[in-house]
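A quick write-up on the structure given underneath.
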Amino acid sequence: MGTLTYSDIRNTIEFDDRTLFHLQLILGAKLRHRESFFLSWTEDRAHGSGRSSLWIEASIALRFTYSDNHQCDINREWIEKLSRSSATAQGLYLCAEPNSVAEPSITAGRSSASELAAA
């Protein structure tokens, strides 16, 4: 599991490395164009199966930390799907990878996702 650190070290969310890598590609592309948007995902059952959202903008520091040192293959279909959702009023919604039966694995890190969304 890798982590997305949002703003400061107390605000972390764990994602599987493959999901985190694809998020990094999309977030980086949008932030290079100075676009601000919501990033939303469904919480796992351990955290109530609700939904969390973060406001992403260029002035807020992001850090991507991976548990494995190899770079994943890019799923272009997933990138396109994530990119299309990021252009909507609801923002980037983290969906399952196409051709995969599993939902993206997300767990709270040092702070719960609900605490992070409120920050």
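Ordering of the structure tokens sets the chain letters (A, B, ...), residue numbers begin anew at 1 in every chain, and ligands are numbered from 1 in the order given.
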
Could you pull out the strand (DSSP E or B) residues of chain A, going by DSSP on the backbone, and write them as a PyMOL selection string? chain A and resi 2-6+12-15+37-42+51-56+62-65+92-93+106-108

Write out the residues from the selection above, keeping C-alpha atoms, as a PDB file, in the first residue's frame.
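again.pdb written:
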ATOM      1  CA  GLY A   2       1.230   3.448  -0.931  1.00  0.00           C
ATOM      2  CA  THR A   3       0.137   6.731   0.596  1.00  0.00           C
ATOM      3  CA  LEU A   4      -1.130  10.044  -0.674  1.00  0.00           C
ATOM      4  CA  THR A   5      -0.127  12.754   1.784  1.00  0.00           C
ATOM      5  CA  TYR A   6      -2.367  15.786   1.509  1.00  0.00           C
ATOM      6  CA  THR A  12      -2.557  10.560   4.657  1.00  0.00           C
ATOM      7  CA  ILE A  13      -4.698   8.115   2.735  1.00  0.00           C
ATOM      8  CA  GLU A  14      -3.506   4.662   1.733  1.00  0.00           C
ATOM      9  CA  PHE A  15      -4.084   3.374  -1.786  1.00  0.00           C
ATOM     10  CA  PHE A  37     -11.202  19.993  -8.586  1.00  0.00           C
ATOM     11  CA  PHE A  38     -12.610  17.461  -6.141  1.00  0.00           C
ATOM     12  CA  LEU A  39     -11.095  14.002  -5.751  1.00  0.00           C
ATOM     13  CA  SER A  40     -13.715  11.561  -4.415  1.00  0.00           C
ATOM     14  CA  TRP A  41     -13.710   7.873  -3.543  1.00  0.00           C
ATOM     15  CA  THR A  42     -15.838   5.291  -1.783  1.00  0.00           C
ATOM     16  CA  ARG A  51     -17.755   8.543   0.338  1.00  0.00           C
ATOM     17  CA  SER A  52     -14.974  11.061   0.943  1.00  0.00           C
ATOM     18  CA  SER A  53     -13.806  14.020  -1.115  1.00  0.00           C
ATOM     19  CA  LEU A  54     -10.774  16.305  -1.108  1.00  0.00           C
ATOM     20  CA  TRP A  55     -10.423  19.686  -2.779  1.00  0.00           C
ATOM     21  CA  ILE A  56      -7.284  19.498  -4.930  1.00  0.00           C
ATOM     22  CA  LEU A  62       0.751  16.404  -2.329  1.00  0.00           C
ATOM     23  CA  ARG A  63       3.212  13.570  -1.721  1.00  0.00           C
ATOM     24  CA  PHE A  64       2.956  10.147  -3.323  1.00  0.00           C
ATOM     25  CA  THR A  65       4.807   7.372  -1.463  1.00  0.00           C
ATOM     26  CA  LEU A  92     -12.420  13.139 -10.246  1.00  0.00           C
ATOM     27  CA  TYR A  93     -14.196  10.060  -8.917  1.00  0.00           C
ATOM     28  CA  ILE A 106      -8.253   2.484  -0.016  1.00  0.00           C
ATOM     29  CA  THR A 107      -7.744   2.675   3.723  1.00  0.00           C
ATOM     30  CA  ALA A 108      -7.221   5.484   6.163  1.00  0.00           C
TER      31      ALA A 108
END

Taking 6 positions as the minimum chain separation for residues in the same chain, which residues sit within 9 Å of region 19-22 of chain A when counting only C-alpha atoms? Answer as a PDB file with N, CA and C atoms, in the first residue's frame.
ATOM      1  N   MET A   1       0.839  -1.185   0.000  1.00  0.00           N
ATOM      2  CA  MET A   1       0.000   0.000   0.000  1.00  0.00           C
ATOM      3  C   MET A   1       0.877   1.239   0.000  1.00  0.00           C
ATOM      4  N   GLY A   2       0.559   2.163  -0.897  1.00  0.00           N
ATOM      5  CA  GLY A   2       1.230   3.448  -0.931  1.00  0.00           C
ATOM      6  C   GLY A   2       0.376   4.477  -0.212  1.00  0.00           C
ATOM      7  N   THR A   3       0.907   5.682  -0.069  1.00  0.00           N
ATOM      8  CA  THR A   3       0.137   6.731   0.596  1.00  0.00           C
ATOM      9  C   THR A   3       0.137   8.013  -0.220  1.00  0.00           C
ATOM     10  N   LEU A   4      -0.989   8.691  -0.160  1.00  0.00           N
ATOM     11  CA  LEU A   4      -1.130  10.044  -0.674  1.00  0.00           C
ATOM     12  C   LEU A   4      -1.159  10.942   0.552  1.00  0.00           C
ATOM     13  N   PHE A  64       3.305  11.505  -2.961  1.00  0.00           N
ATOM     14  CA  PHE A  64       2.956  10.147  -3.323  1.00  0.00           C
ATOM     15  C   PHE A  64       4.094   9.240  -2.859  1.00  0.00           C
ATOM     16  N   THR A  65       3.800   8.294  -1.982  1.00  0.00           N
ATOM     17  CA  THR A  65       4.807   7.372  -1.463  1.00  0.00           C
ATOM     18  C   THR A  65       4.360   5.955  -1.771  1.00  0.00           C
ATOM     19  N   TYR A  66       5.229   5.196  -2.418  1.00  0.00           N
ATOM     20  CA  TYR A  66       4.897   3.845  -2.857  1.00  0.00           C
ATOM     21  C   TYR A  66       5.587   2.804  -1.989  1.00  0.00           C
ATOM     22  N   GLN A  71       7.671   0.785 -11.202  1.00  0.00           N
ATOM     23  CA  GLN A  71       6.578   1.572 -11.781  1.00  0.00           C
ATOM     24  C   GLN A  71       5.588   0.636 -12.470  1.00  0.00           C
ATOM     25  N   CYS A  72       4.323   0.874 -12.257  1.00  0.00           N
ATOM     26  CA  CYS A  72       3.259   0.052 -12.842  1.00  0.00           C
ATOM     27  C   CYS A  72       3.087   0.355 -14.325  1.00  0.00           C
ATOM     28  N   ILE A  74       0.821   1.444 -17.392  1.00  0.00           N
ATOM     29  CA  ILE A  74      -0.298   2.382 -17.475  1.00  0.00           C
ATOM     30  C   ILE A  74      -1.471   1.712 -18.181  1.00  0.00           C
ATOM     31  N   ASN A  75      -2.642   1.799 -17.568  1.00  0.00           N
ATOM     32  CA  ASN A  75      -3.875   1.345 -18.188  1.00  0.00           C
ATOM     33  C   ASN A  75      -4.508   2.581 -18.831  1.00  0.00           C
ATOM     34  N   TRP A  78      -8.202   3.232 -18.230  1.00  0.00           N
ATOM     35  CA  TRP A  78      -8.488   3.758 -16.891  1.00  0.00           C
ATOM     36  C   TRP A  78      -8.140   5.246 -16.811  1.00  0.00           C
ATOM     37  N   ILE A  79      -6.983   5.612 -17.386  1.00  0.00           N
ATOM     38  CA  ILE A  79      -6.574   7.018 -17.414  1.00  0.00           C
ATOM     39  C   ILE A  79      -7.637   7.867 -18.111  1.00  0.00           C
ATOM     40  N   LEU A  82     -10.775   8.107 -15.822  1.00  0.00           N
ATOM     41  CA  LEU A  82     -10.530   9.018 -14.707  1.00  0.00           C
ATOM     42  C   LEU A  82     -10.458  10.463 -15.191  1.00  0.00           C
ATOM     43  N   LEU A  94     -12.759   8.283  -8.127  1.00  0.00           N
ATOM     44  CA  LEU A  94     -11.914   7.104  -8.247  1.00  0.00           C
ATOM     45  C   LEU A  94     -12.790   5.875  -8.445  1.00  0.00           C
ATOM     46  N   ALA A  96     -13.278   1.810 -10.227  1.00  0.00           N
ATOM     47  CA  ALA A  96     -12.514   0.581 -10.402  1.00  0.00           C
ATOM     48  C   ALA A  96     -11.787   0.595 -11.741  1.00  0.00           C
ATOM     49  N   GLU A  97     -10.663  -0.059 -11.784  1.00  0.00           N
ATOM     50  CA  GLU A  97      -9.912  -0.170 -13.032  1.00  0.00           C
ATOM     51  C   GLU A  97     -10.698  -1.015 -14.030  1.00  0.00           C
ATOM     52  N   PRO A 104     -10.762  -0.232  -6.187  1.00  0.00           N
ATOM     53  CA  PRO A 104      -9.473   0.250  -5.700  1.00  0.00           C
ATOM     54  C   PRO A 104      -9.391   0.079  -4.188  1.00  0.00           C
ATOM     55  N   SER A 105      -8.251  -0.338  -3.718  1.00  0.00           N
ATOM     56  CA  SER A 105      -8.068  -0.545  -2.290  1.00  0.00           C
ATOM     57  C   SER A 105      -7.647   0.754  -1.634  1.00  0.00           C
ATOM     58  N   ILE A 106      -8.485   1.209  -0.691  1.00  0.00           N
ATOM     59  CA  ILE A 106      -8.253   2.484  -0.016  1.00  0.00           C
ATOM     60  C   ILE A 106      -8.480   2.277   1.470  1.00  0.00           C
TER      61      ILE A 106
END

Please extract the residues of region 5-114 of chain A with a backbone DSSP assignment of helix (DSSP H, G or I) and present them as a PyMOL selection string. chain A and resi 17-32+45-47+76-86+113-114

Please produce a file of the residues just selected, as a JSON list (two decimals), in the first residue's frame, where the atoms kept are C-alpha atoms.
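Saved to result-v1.json:
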[["chain", "number", "residue", "atom", "x", "y", "z"],
["A", 17, "ASP", "CA", 0.35, 1.27, -5.49],
["A", 18, "ARG", "CA", -1.33, 0.75, -8.86],
["A", 19, "THR", "CA", -4.25, 3.03, -8.00],
["A", 20, "LEU", "CA", -1.91, 5.63, -6.51],
["A", 21, "PHE", "CA", 0.24, 5.63, -9.65],
["A", 22, "HIS", "CA", -2.78, 6.29, -11.90],
["A", 23, "LEU", "CA", -4.00, 9.02, -9.54],
["A", 24, "GLN", "CA", -0.57, 10.65, -9.66],
["A", 25, "LEU", "CA", -0.71, 10.79, -13.46],
["A", 26, "ILE", "CA", -4.16, 12.41, -13.50],
["A", 27, "LEU", "CA", -3.54, 14.79, -10.58],
["A", 28, "GLY", "CA", -0.20, 15.87, -12.03],
["A", 29, "ALA", "CA", -1.69, 16.58, -15.45],
["A", 30, "LYS", "CA", -4.55, 18.65, -14.03],
["A", 31, "LEU", "CA", -2.36, 20.59, -11.58],
["A", 32, "ARG", "CA", 0.15, 21.43, -14.34],
["A", 45, "ARG", "CA", -16.36, -1.22, 4.69],
["A", 46, "ALA", "CA", -14.11, -0.73, 7.72],
["A", 47, "HIS", "CA", -14.84, 3.01, 7.49],
["A", 76, "ARG", "CA", -4.80, 3.92, -20.84],
["A", 77, "GLU", "CA", -8.49, 3.04, -20.64],
["A", 78, "TRP", "CA", -8.49, 3.76, -16.89],
["A", 79, "ILE", "CA", -6.57, 7.02, -17.41],
["A", 80, "GLU", "CA", -9.16, 8.14, -19.97],
["A", 81, "LYS", "CA", -12.06, 7.19, -17.68],
["A", 82, "LEU", "CA", -10.53, 9.02, -14.71],
["A", 83, "SER", "CA", -9.68, 12.01, -16.87],
["A", 84, "ARG", "CA", -13.25, 12.26, -18.20],
["A", 85, "SER", "CA", -14.68, 12.17, -14.67],
["A", 86, "SER", "CA", -12.23, 14.86, -13.53],
["A", 113, "ALA", "CA", -10.46, 9.79, 5.58],
["A", 114, "SER", "CA", -13.42, 11.57, 7.17]]

Grab the CA of Gly50 (chain A) to CA of Ile9 (chain A) distance for me, in Å with one decimal place. 23.5 Å

Restricting to only C-alpha atoms, whichever of A:Asn69, A:Ser59, A:Ser49, A:Ser7 is closest to Ser36 (chain A) is A:Ser59

So how far away is CA of Arg34 (chain A) from CA of Gln90 (chain A), in Å?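 Between CA of Gln90 (chain A) and CA of Arg34 (chain A) the gap works out to 17.4 Å.
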
May I ask for the distance between CA of Asn11 (chain A) and CA of Glu57 (chain A), given in Å to one decimal place? 15.4 Å
